[in-house]
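Structure file work-v1.cif (mmCIF, C-alpha atoms and all ligand atoms) follows.
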data_structure
loop_
_atom_site.label_atom_id
_atom_site.label_comp_id
_atom_site.auth_asym_id
_atom_site.auth_seq_id
_atom_site.Cartn_x
_atom_site.Cartn_y
_atom_site.Cartn_z
CA MET A 165 15.98 26.19 -23.45
CA PRO A 166 18.00 23.12 -24.39
CA LEU A 167 17.79 20.19 -21.99
CA ARG A 168 21.05 18.30 -22.31
CA ARG A 169 21.32 16.69 -18.89
CA VAL A 170 18.56 16.46 -16.32
CA GLY A 171 18.36 14.92 -12.85
CA ILE A 172 15.48 13.27 -10.96
CA LEU A 173 15.17 12.52 -7.27
CA THR A 174 12.32 11.12 -5.20
CA GLY A 175 12.17 12.37 -1.60
CA GLY A 176 10.13 11.74 1.56
CA GLY A 177 7.82 8.79 2.15
CA ASP A 178 7.20 6.65 -0.93
CA CYS A 179 3.84 6.01 -2.58
CA SER A 180 2.50 4.13 -5.56
CA GLY A 181 3.10 5.90 -8.86
CA LEU A 182 6.64 7.21 -8.29
CA ASN A 183 8.05 4.91 -10.95
CA ALA A 184 5.44 6.12 -13.44
CA VAL A 185 6.82 9.65 -12.95
CA ILE A 186 10.46 8.52 -13.24
CA ARG A 187 9.62 6.62 -16.43
CA ALA A 188 7.69 9.54 -17.96
CA ILE A 189 10.42 12.10 -17.20
CA THR A 190 13.11 9.78 -18.57
CA ARG A 191 11.21 8.97 -21.76
CA ALA A 192 10.08 12.55 -22.45
CA ALA A 193 13.57 13.97 -21.78
CA ILE A 194 15.17 11.43 -24.13
CA ILE A 195 12.48 11.30 -26.84
CA GLN A 196 11.74 15.05 -26.96
CA HIS A 197 15.20 16.47 -26.14
CA ASN A 198 17.73 13.68 -26.59
CA ALA A 199 18.85 14.47 -23.03
CA THR A 200 20.94 12.41 -20.64
CA VAL A 201 18.94 11.52 -17.53
CA ILE A 202 20.60 11.13 -14.14
CA GLY A 203 18.76 9.41 -11.30
CA ILE A 204 19.85 10.76 -7.91
CA GLU A 205 19.60 8.02 -5.32
CA ASP A 206 17.82 7.99 -1.95
CA GLY A 207 16.28 11.45 -2.11
CA PHE A 208 18.47 14.41 -1.13
CA GLU A 209 21.00 11.99 0.40
CA GLY A 210 22.07 11.27 -3.18
CA LEU A 211 22.71 14.97 -3.75
CA ILE A 212 24.63 15.34 -0.48
CA PHE A 213 26.79 12.26 -0.97
CA ASP A 214 26.85 12.24 -4.79
CA ARG A 215 25.09 8.93 -5.34
CA ARG A 216 23.61 8.62 -8.81
CA CYS A 217 23.01 6.40 -11.82
CA GLU A 218 22.11 6.99 -15.45
CA LEU A 219 18.55 6.25 -16.51
CA ASP A 220 17.48 5.40 -20.04
CA ILE A 221 14.54 3.91 -21.90
CA LYS A 222 15.78 0.38 -21.25
CA SER A 223 16.34 0.80 -17.51
CA THR A 224 12.89 2.36 -17.03
CA ARG A 225 11.13 -0.37 -19.00
CA GLU A 226 8.59 -2.48 -17.05
CA ILE A 227 8.61 -0.18 -14.00
CA LEU A 228 5.17 1.36 -14.65
CA PRO A 229 3.26 -1.15 -12.47
CA LEU A 230 6.03 -1.34 -9.85
CA GLY A 231 5.41 0.09 -6.35
CA GLY A 232 8.04 2.12 -4.48
CA THR A 233 10.75 4.03 -6.33
CA ILE A 234 13.64 2.51 -8.27
CA LEU A 235 15.78 5.47 -7.12
CA GLY A 236 15.16 4.91 -3.42
CA THR A 237 13.96 7.66 -1.12
CA SER A 238 14.63 9.02 2.33
CA ASN A 239 12.87 11.33 4.71
CA LYS A 240 15.97 11.85 6.81
CA GLY A 241 18.12 13.68 4.29
CA ASN A 242 17.28 17.38 4.60
CA PRO A 243 20.55 18.96 3.36
CA PHE A 244 19.86 22.19 5.31
CA GLU A 245 19.49 20.28 8.58
CA TYR A 246 21.01 16.85 8.22
CA ARG A 247 20.74 14.90 11.46
CA GLU A 248 22.72 11.86 12.44
CA PHE A 249 24.05 10.15 15.55
CA ASP A 250 27.71 10.65 16.44
CA ASP A 251 29.93 7.98 18.05
CA LYS A 252 28.53 8.80 21.50
CA GLY A 253 24.92 8.42 20.38
CA GLN A 254 24.30 12.19 20.41
CA ILE A 255 22.35 13.83 17.58
CA VAL A 256 24.51 16.14 15.48
CA VAL A 257 23.08 18.50 12.86
CA HIS A 258 24.99 19.45 9.68
CA ASP A 259 24.22 22.03 7.02
CA TYR A 260 25.05 20.19 3.80
CA SER A 261 23.32 22.68 1.49
CA GLU A 262 26.55 24.13 0.02
CA ARG A 263 27.91 20.68 -0.54
CA SER A 264 24.65 19.72 -2.33
CA VAL A 265 24.86 22.78 -4.60
CA LYS A 266 28.47 21.83 -5.43
CA ASN A 267 27.43 18.28 -6.27
CA PHE A 268 24.60 19.61 -8.42
CA LYS A 269 27.13 21.68 -10.38
CA LYS A 270 29.46 18.70 -10.65
CA MET A 271 26.62 16.70 -12.19
CA MET A 272 26.25 19.48 -14.83
CA LEU A 273 22.45 19.32 -14.80
CA ASP A 274 20.22 21.77 -16.69
CA CYS A 275 17.29 20.90 -14.42
CA LEU A 276 16.50 18.94 -11.27
CA PHE A 277 13.08 17.28 -11.06
CA VAL A 278 12.15 16.75 -7.43
CA VAL A 279 9.27 14.38 -6.77
CA GLY A 280 8.02 14.78 -3.22
CA GLY A 281 5.52 15.91 -0.64
CA GLU A 282 5.33 19.09 1.41
CA GLY A 283 8.73 18.71 3.14
CA THR A 284 10.61 17.76 -0.02
CA LEU A 285 9.02 20.59 -2.02
CA MET A 286 9.94 23.07 0.72
CA ILE A 287 13.59 21.96 0.53
CA SER A 288 13.43 22.22 -3.29
CA HIS A 289 12.14 25.76 -3.02
CA GLU A 290 15.10 26.67 -0.77
CA PHE A 291 17.47 25.31 -3.42
CA PHE A 292 15.59 27.24 -6.12
CA LYS A 293 16.16 30.43 -4.10
CA ARG A 294 19.87 29.57 -4.15
CA GLY A 295 19.84 29.35 -7.93
CA LEU A 296 19.13 25.70 -8.70
CA PRO A 297 16.77 25.14 -11.67
CA VAL A 298 14.19 23.01 -9.89
CA ILE A 299 10.79 21.70 -11.01
CA GLY A 300 8.59 20.05 -8.35
CA VAL A 301 6.29 17.06 -8.85
CA PRO A 302 3.76 16.59 -5.99
CA LYS A 303 3.27 13.17 -4.42
CA THR A 304 1.75 11.80 -1.21
CA ILE A 305 -0.87 9.29 -0.23
CA ASP A 306 -2.22 11.95 2.17
CA ASN A 307 -3.52 14.16 -0.72
CA ASP A 308 -2.86 17.20 1.47
CA LEU A 309 -0.83 19.42 -0.85
CA GLU A 310 -2.11 22.86 -1.79
CA GLY A 311 -2.23 23.76 -5.47
CA THR A 312 -3.19 20.40 -6.97
CA ASP A 313 -6.56 18.65 -7.13
CA TYR A 314 -5.01 15.26 -6.37
CA THR A 315 -1.58 13.91 -5.59
CA PHE A 316 -0.67 10.60 -7.18
CA GLY A 317 -0.52 7.72 -4.68
CA PHE A 318 -3.72 8.85 -3.00
CA GLN A 319 -6.21 6.97 -5.17
CA THR A 320 -4.23 3.75 -4.80
CA ALA A 321 -4.16 4.16 -1.02
CA VAL A 322 -7.92 4.77 -1.01
CA GLN A 323 -8.45 1.60 -3.06
CA VAL A 324 -6.31 -0.43 -0.63
CA ALA A 325 -8.34 0.91 2.31
CA CYS A 326 -11.59 0.26 0.45
CA ASP A 327 -10.57 -3.35 -0.25
CA ALA A 328 -9.77 -3.76 3.47
CA LEU A 329 -13.22 -2.38 4.35
CA ASP A 330 -14.95 -4.83 1.99
CA ARG A 331 -13.24 -7.62 3.92
CA LEU A 332 -14.03 -6.13 7.32
CA GLN A 333 -17.69 -5.82 6.30
CA THR A 334 -18.09 -9.58 5.83
CA THR A 335 -16.22 -10.72 8.93
CA GLY A 336 -17.77 -7.92 11.02
CA LYS A 337 -21.26 -8.93 9.95
CA SER A 338 -20.67 -12.65 10.53
CA HIS A 339 -19.49 -12.05 14.10
CA GLU A 340 -21.72 -9.07 14.86
CA ARG A 341 -18.72 -6.98 15.88
CA VAL A 342 -17.71 -3.35 15.74
CA MET A 343 -14.81 -3.28 13.29
CA ILE A 344 -12.43 -0.32 13.29
CA LEU A 345 -10.01 0.45 10.46
CA GLU A 346 -7.25 2.97 11.22
CA VAL A 347 -5.85 4.57 8.08
CA MET A 348 -2.97 6.98 7.40
CA GLY A 349 -3.14 10.62 6.28
CA ARG A 350 -1.28 12.49 9.03
CA HIS A 351 -3.33 15.62 9.81
CA ALA A 352 -5.65 15.22 6.81
CA GLY A 353 -8.70 12.98 6.60
CA TRP A 354 -8.88 12.47 2.83
CA ILE A 355 -8.03 8.75 2.84
CA ALA A 356 -10.47 8.02 5.69
CA LEU A 357 -13.27 10.03 4.11
CA GLU A 358 -13.02 8.69 0.56
CA SER A 359 -12.32 5.07 1.54
CA GLY A 360 -15.07 5.22 4.17
CA ILE A 361 -17.63 6.37 1.62
CA ALA A 362 -16.41 3.83 -0.96
CA GLY A 363 -16.32 0.98 1.57
CA GLY A 364 -19.75 1.59 3.11
CA ALA A 365 -18.49 2.65 6.55
CA HIS A 366 -21.11 3.63 9.13
CA ILE A 367 -18.83 6.00 11.03
CA ILE A 368 -15.89 8.06 9.68
CA LEU A 369 -13.64 10.03 12.01
CA ILE A 370 -11.24 12.59 10.54
CA PRO A 371 -8.81 15.08 12.10
CA GLU A 372 -10.71 18.07 10.71
CA ILE A 373 -13.87 17.18 12.67
CA PRO A 374 -13.09 16.39 16.34
CA TYR A 375 -15.27 13.43 17.31
CA ASN A 376 -17.74 13.11 20.14
CA LEU A 377 -17.52 9.51 21.38
CA ASP A 378 -21.07 9.64 22.75
CA LEU A 379 -22.40 10.27 19.25
CA VAL A 380 -20.30 7.40 17.90
CA MET A 381 -21.80 5.14 20.61
CA ASP A 382 -25.31 6.36 19.78
CA LYS A 383 -24.82 5.42 16.14
CA ILE A 384 -23.59 1.92 17.02
CA LYS A 385 -26.52 1.41 19.43
CA LEU A 386 -29.03 2.73 16.91
CA ARG A 387 -27.80 0.27 14.33
CA ALA A 388 -27.94 -2.58 16.85
CA ALA A 389 -31.47 -1.60 17.87
CA GLY A 390 -32.47 -1.57 14.20
CA GLY A 391 -31.28 -5.17 13.75
CA SER A 392 -27.69 -4.56 12.59
CA PRO A 393 -25.49 -5.34 15.57
CA PHE A 394 -22.30 -4.70 13.61
CA SER A 395 -20.72 -1.41 12.62
CA ILE A 396 -17.75 -0.35 10.53
CA ILE A 397 -15.67 2.62 11.67
CA VAL A 398 -12.88 4.23 9.62
CA VAL A 399 -10.63 6.45 11.70
CA ALA A 400 -7.83 8.62 10.35
CA GLU A 401 -4.60 8.33 12.35
CA GLY A 402 -4.75 12.07 13.14
CA ALA A 403 -8.34 12.07 14.48
CA LYS A 404 -8.87 13.71 17.89
CA PRO A 405 -11.76 13.80 20.34
CA VAL A 406 -13.77 16.94 20.80
CA GLY A 407 -12.46 19.14 23.61
CA GLY A 408 -8.90 19.56 22.44
CA GLY A 409 -7.38 16.12 23.03
CA GLU A 410 -3.94 15.53 21.50
CA VAL A 411 -3.33 13.33 18.47
CA ILE A 412 -2.19 9.90 19.52
CA THR A 413 1.38 9.11 18.61
CA HIS A 414 3.25 5.91 18.02
CA GLU A 415 5.03 4.35 20.97
CA ALA A 416 8.37 4.89 19.22
CA GLY A 417 7.61 8.64 19.39
CA LYS A 418 9.60 11.05 17.25
CA THR A 419 11.91 10.19 14.38
CA LEU A 420 15.52 11.40 14.23
CA GLN A 421 14.22 14.42 12.32
CA GLY A 422 11.86 15.33 15.13
CA VAL A 423 8.79 14.31 13.13
CA VAL A 424 6.04 12.87 15.30
CA ARG A 425 4.79 9.44 14.18
CA LEU A 426 1.03 9.19 14.41
CA GLY A 427 -0.80 5.99 15.24
CA GLY A 428 -2.85 4.30 17.93
CA VAL A 429 -6.15 6.16 17.83
CA GLY A 430 -7.98 3.08 16.43
CA ASN A 431 -7.05 0.89 19.40
CA THR A 432 -7.78 3.70 21.86
CA ILE A 433 -11.30 4.11 20.48
CA ALA A 434 -11.72 0.31 20.42
CA SER A 435 -11.06 0.05 24.18
CA GLN A 436 -13.31 3.03 24.92
CA ILE A 437 -16.19 1.52 22.92
CA ALA A 438 -15.67 -1.99 24.31
CA CYS A 439 -16.11 -0.68 27.89
CA ASN A 440 -19.48 0.80 27.02
CA ILE A 441 -21.34 -1.73 24.93
CA ASP A 442 -22.13 -5.41 24.87
CA LEU A 443 -20.54 -5.98 21.50
CA GLU A 444 -17.07 -7.20 20.61
CA VAL A 445 -14.76 -4.61 19.08
CA ARG A 446 -11.72 -5.24 16.87
CA CYS A 447 -9.25 -2.82 15.36
CA THR A 448 -7.12 -3.20 12.22
CA VAL A 449 -4.28 -0.76 11.60
CA LEU A 450 -3.64 -0.68 7.85
CA GLY A 451 -0.27 1.11 8.04
CA HIS A 452 2.26 1.04 5.22
CA ILE A 453 0.20 -1.40 3.14
CA GLN A 454 -1.43 1.82 1.89
CA ARG A 455 1.90 3.02 0.54
CA GLY A 456 3.27 -0.12 -1.09
CA GLY A 457 2.39 -2.12 -4.16
CA THR A 458 1.25 -1.47 -7.67
CA PRO A 459 -0.36 1.89 -8.51
CA ASN A 460 -3.90 1.86 -9.86
CA ALA A 461 -4.62 3.14 -13.38
CA PHE A 462 -5.51 6.65 -12.17
CA ASP A 463 -2.16 7.10 -10.40
CA ARG A 464 -0.23 5.69 -13.38
CA VAL A 465 -1.92 8.16 -15.72
CA LEU A 466 -1.54 11.09 -13.31
CA GLY A 467 2.14 10.26 -12.66
CA THR A 468 2.81 9.96 -16.39
CA ARG A 469 1.05 13.27 -17.17
CA LEU A 470 2.90 15.11 -14.38
CA GLY A 471 6.25 13.67 -15.46
CA SER A 472 5.88 14.52 -19.13
CA TYR A 473 4.57 18.03 -18.36
CA ALA A 474 7.46 18.60 -15.95
CA VAL A 475 9.89 18.05 -18.84
CA GLN A 476 7.93 20.51 -21.01
CA ALA A 477 7.99 23.08 -18.17
CA ALA A 478 11.77 22.64 -17.80
CA ALA A 479 12.27 23.17 -21.54
CA GLU A 480 10.28 26.41 -21.18
CA GLY A 481 12.50 27.47 -18.25
CA LYS A 482 9.63 27.47 -15.73
CA PHE A 483 11.86 26.67 -12.76
CA GLY A 484 10.59 27.19 -9.22
CA HIS A 485 7.21 25.73 -10.19
CA MET A 486 5.38 22.57 -9.32
CA VAL A 487 3.35 20.69 -11.93
CA SER A 488 -0.18 20.16 -10.69
CA LEU A 489 -3.53 18.68 -11.62
CA ASN A 490 -5.98 21.46 -12.29
CA THR A 491 -8.75 19.26 -13.65
CA PRO A 492 -8.85 18.47 -16.53
CA ASP A 493 -5.42 19.99 -17.25
CA ILE A 494 -1.94 19.75 -15.86
CA THR A 495 -0.76 23.28 -15.06
CA LEU A 496 2.00 25.00 -13.09
CA ALA A 497 1.89 26.46 -9.59
CA PRO A 498 4.71 28.59 -8.10
CA MET A 499 6.40 26.63 -5.32
CA GLU A 500 6.68 29.75 -3.15
CA ASN A 501 2.88 29.80 -2.75
CA LEU A 502 2.79 26.20 -1.62
CA ALA A 503 5.67 25.62 0.72
CA GLY A 504 4.59 24.82 4.26
CA LYS A 505 0.86 24.71 3.51
CA VAL A 506 -1.37 21.68 3.85
CA ARG A 507 -4.79 21.16 2.33
CA LEU A 508 -7.21 19.71 4.84
CA VAL A 509 -10.77 18.43 4.40
CA PRO A 510 -13.12 21.42 4.84
CA PRO A 511 -15.65 20.25 7.46
CA THR A 512 -18.44 21.88 5.41
CA SER A 513 -17.30 20.43 2.06
CA GLN A 514 -19.71 18.68 -0.28
CA LEU A 515 -17.94 15.40 0.33
CA VAL A 516 -18.58 15.58 4.09
CA GLN A 517 -22.16 16.72 3.46
CA CYS A 518 -22.63 13.78 1.09
CA ALA A 519 -21.42 11.34 3.77
CA GLU A 520 -23.75 12.83 6.38
CA ALA A 521 -26.69 12.98 3.95
CA ILE A 522 -26.54 9.21 3.49
CA GLY A 523 -26.42 8.59 7.24
CA ILE A 524 -22.69 8.22 7.90
CA CYS A 525 -21.81 9.48 11.38
CA MET A 526 -18.86 11.89 11.24
CA GLY A 527 -18.61 12.02 15.03
CA ARG A 528 -20.43 15.33 15.36
O1 LIG A 601 2.90 11.24 4.61
C1 LIG A 601 2.71 9.92 4.22
C2 LIG A 601 2.60 9.02 5.43
O2 LIG A 601 2.35 7.70 4.99
C3 LIG A 601 1.55 9.45 6.46
O3 LIG A 601 0.24 9.13 6.08
C4 LIG A 601 2.05 8.71 7.69
O4 LIG A 601 1.65 9.35 8.87
C5 LIG A 601 3.54 8.79 7.52
O5 LIG A 601 3.81 9.02 6.15
C6 LIG A 601 4.28 7.56 7.96
O6 LIG A 601 5.64 7.82 7.85
P1 LIG A 601 6.78 6.73 8.03
O7 LIG A 601 6.90 5.99 6.73
O8 LIG A 601 7.98 7.52 8.33
O9 LIG A 601 6.36 5.81 9.14
#
Spit out the file's structure as structure tokens when you get a sec.
Amino acid sequence: MPLRRVGILTGGGDCSGLNAVIRAITRAAIIQHNATVIGIEDGFEGLIFDRRCELDIKSTREILPLGGTILGTSNKGNPFEYREFDDKGQIVVHDYSERSVKNFKKMMLDCLFVVGGEGTLMISHEFFKRGLPVIGVPKTIDNDLEGTDYTFGFQTAVQVACDALDRLQTTGKSHERVMILEVMGRHAGWIALESGIAGGAHIILIPEIPYNLDLVMDKIKLRAAGGSPFSIIVVAEGAKPVGGGEVITHEAGKTLQGVVRLGGVGNTIASQIACNIDLEVRCTVLGHIQRGGTPNAFDRVLGTRLGSYAVQAAAEGKFGHMVSLNTPDITLAPMENLAGKVRLVPPTSQLVQCAEAIGICMGR
């Protein structure tokens, strides 16, 4: 089908590689179809409030190595359940979905490319069910989306965490300390597991394998007894102790959208270990450093492949699908099979077995 005018929006938390996708969609839509490309600003907020700009080859030049998204993003703009504070400080919820559909029609788009994680893709699927020609492009540093081998942004985040571990190794060894690195990932342990293996961690704690603190202590003591009185621990922000403890949440608690902010498990474990051993313990919380900055080569290539294939899928009328990496190819997955599902680390996976085979303690 002819692609005369297409729209792109980036929704949810940002990650490295978003601009590679925006650039690839813009270039492929213009070069292959001579289309006009409209960038919708700040995620779905741009659709609700009709905020947009035109993108072309010139305006997407030099953005490939740029972190973040030139379109802006928001994780507070769900058009079906838009929350804001009224004058009295009370939360009010609006359904702006009709208004968004009207704005979409006003923009006269043949296709809307939505680049986002689980939440954003779920919203896109709702719009598809209401007749909008949507193609999804999966992104998240958490790498927890079903239907794709990897999401772009993940490998860059792993590299950032690995670089941090290289630095913690040298200072930890010099001071003979237990060094803890808390990484992101929400309820998935992919970043912790891959960065921990790459960065030579001695202990890796992930949400999918509840940890036994006694076993963590045993590992630290064993290393000390063997002449290495320093240990490196990577802990995913969603890790929980064995016995059904709750995930630890940020002091600021829930966001306006009711999403719980994770964080704090690293410092909790640090105090628990420090009470039990004659070694100093320090914790570093890596936070949003994992999300910002220039994408690595893998994420640039993946973002570019997903973006260009998304345009091809739109031209073939494959709406309601998400482009995905099905190694070595980029293929399509129906969004209805993906919405609301997360892909966690299987505790018996080869990657976990590999970590344990080389002596990494997974807290079990
Ligand atoms: O989903 C991506 C992610 O970075 C998670 O790893 C993390 O828990 C969350 O977003 C942080 O969200 P926010 O940017 O709202 O603090």
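Closest approach to ligand LIG 601 (chain A) among A:Gly457, A:Gly300, A:Gly317, A:Gly349 is made by A:Gly349 (distances from only C-alpha atoms and all ligand atoms).
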Please put the answer as AutoDock Vina command-line options: centre and edge lengths, in Å with one decimal, of a box along x, y and z that encloses all listed atoms of ligand LIG 601 (chain A) plus 5 Å on each side.
--center_x 4.1 --center_y 8.5 --center_z 6.7 --size_x 17.7 --size_y 15.4 --size_z 14.9
Report task. Please identify every polymer residue within 6 Å of ligand LIG 601 (chain A), using all atoms listed in the file, and present the set as JSON, numbers by chain. Result -> {"A": [177, 304, 305, 306, 348, 349, 350, 426]}
Query - Contacts of Val465 in chain A at 9 Å (all atoms listed in the file; same-chain gap of 3+ positions) as an MDAnalysis selection string - result: chainID A and resid 181 184 316 460:462 468:470
Query raised in the report: Could you state the separation of CA of Met343 in chain A and CA of Pro511 in chain A in Å, given to one decimal place?
Result: 24.3 Å
Pull out range 325-367 of chain A, keep C-alpha atoms, and write it as a PDB file, in the first residue's frame.
ATOM      1  CA  ALA A 325      27.178  -1.796  33.949  1.00  0.00           C
ATOM      2  CA  CYS A 326      30.185  -3.832  32.832  1.00  0.00           C
ATOM      3  CA  ASP A 327      32.362  -0.690  32.684  1.00  0.00           C
ATOM      4  CA  ALA A 328      31.188   0.183  36.218  1.00  0.00           C
ATOM      5  CA  LEU A 329      32.137  -3.325  37.394  1.00  0.00           C
ATOM      6  CA  ASP A 330      35.627  -3.030  35.882  1.00  0.00           C
ATOM      7  CA  ARG A 331      36.091   0.090  38.004  1.00  0.00           C
ATOM      8  CA  LEU A 332      34.615  -1.476  41.128  1.00  0.00           C
ATOM      9  CA  GLN A 333      36.968  -4.450  40.704  1.00  0.00           C
ATOM     10  CA  THR A 334      40.089  -2.293  41.049  1.00  0.00           C
ATOM     11  CA  THR A 335      38.939  -0.123  43.945  1.00  0.00           C
ATOM     12  CA  GLY A 336      37.337  -3.127  45.691  1.00  0.00           C
ATOM     13  CA  LYS A 337      40.553  -5.109  45.444  1.00  0.00           C
ATOM     14  CA  SER A 338      42.746  -2.227  46.629  1.00  0.00           C
ATOM     15  CA  HIS A 339      40.640  -1.718  49.763  1.00  0.00           C
ATOM     16  CA  GLU A 340      39.677  -5.355  50.291  1.00  0.00           C
ATOM     17  CA  ARG A 341      35.990  -4.458  50.358  1.00  0.00           C
ATOM     18  CA  VAL A 342      32.739  -6.064  49.351  1.00  0.00           C
ATOM     19  CA  MET A 343      31.481  -3.922  46.468  1.00  0.00           C
ATOM     20  CA  ILE A 344      27.819  -4.063  45.490  1.00  0.00           C
ATOM     21  CA  LEU A 345      26.462  -2.738  42.195  1.00  0.00           C
ATOM     22  CA  GLU A 346      22.672  -2.301  41.966  1.00  0.00           C
ATOM     23  CA  VAL A 347      21.429  -2.295  38.383  1.00  0.00           C
ATOM     24  CA  MET A 348      18.029  -1.703  36.771  1.00  0.00           C
ATOM     25  CA  GLY A 349      15.772  -4.208  35.008  1.00  0.00           C
ATOM     26  CA  ARG A 350      12.516  -4.021  36.982  1.00  0.00           C
ATOM     27  CA  HIS A 351      11.317  -7.620  37.475  1.00  0.00           C
ATOM     28  CA  ALA A 352      13.858  -9.117  35.054  1.00  0.00           C
ATOM     29  CA  GLY A 353      17.479  -9.960  35.810  1.00  0.00           C
ATOM     30  CA  TRP A 354      18.938  -9.770  32.291  1.00  0.00           C
ATOM     31  CA  ILE A 355      21.111  -6.686  32.882  1.00  0.00           C
ATOM     32  CA  ALA A 356      22.455  -8.055  36.189  1.00  0.00           C
ATOM     33  CA  LEU A 357      23.164 -11.490  34.750  1.00  0.00           C
ATOM     34  CA  GLU A 358      24.904 -10.424  31.539  1.00  0.00           C
ATOM     35  CA  SER A 359      26.857  -7.524  33.071  1.00  0.00           C
ATOM     36  CA  GLY A 360      27.797  -9.696  36.058  1.00  0.00           C
ATOM     37  CA  ILE A 361      29.238 -12.397  33.799  1.00  0.00           C
ATOM     38  CA  ALA A 362      30.984  -9.809  31.597  1.00  0.00           C
ATOM     39  CA  GLY A 363      32.356  -7.874  34.578  1.00  0.00           C
ATOM     40  CA  GLY A 364      33.683 -10.858  36.531  1.00  0.00           C
ATOM     41  CA  ALA A 365      31.226 -10.597  39.434  1.00  0.00           C
ATOM     42  CA  HIS A 366      31.495 -13.210  42.185  1.00  0.00           C
ATOM     43  CA  ILE A 367      27.833 -13.037  43.172  1.00  0.00           C
TER      44      ILE A 367
END
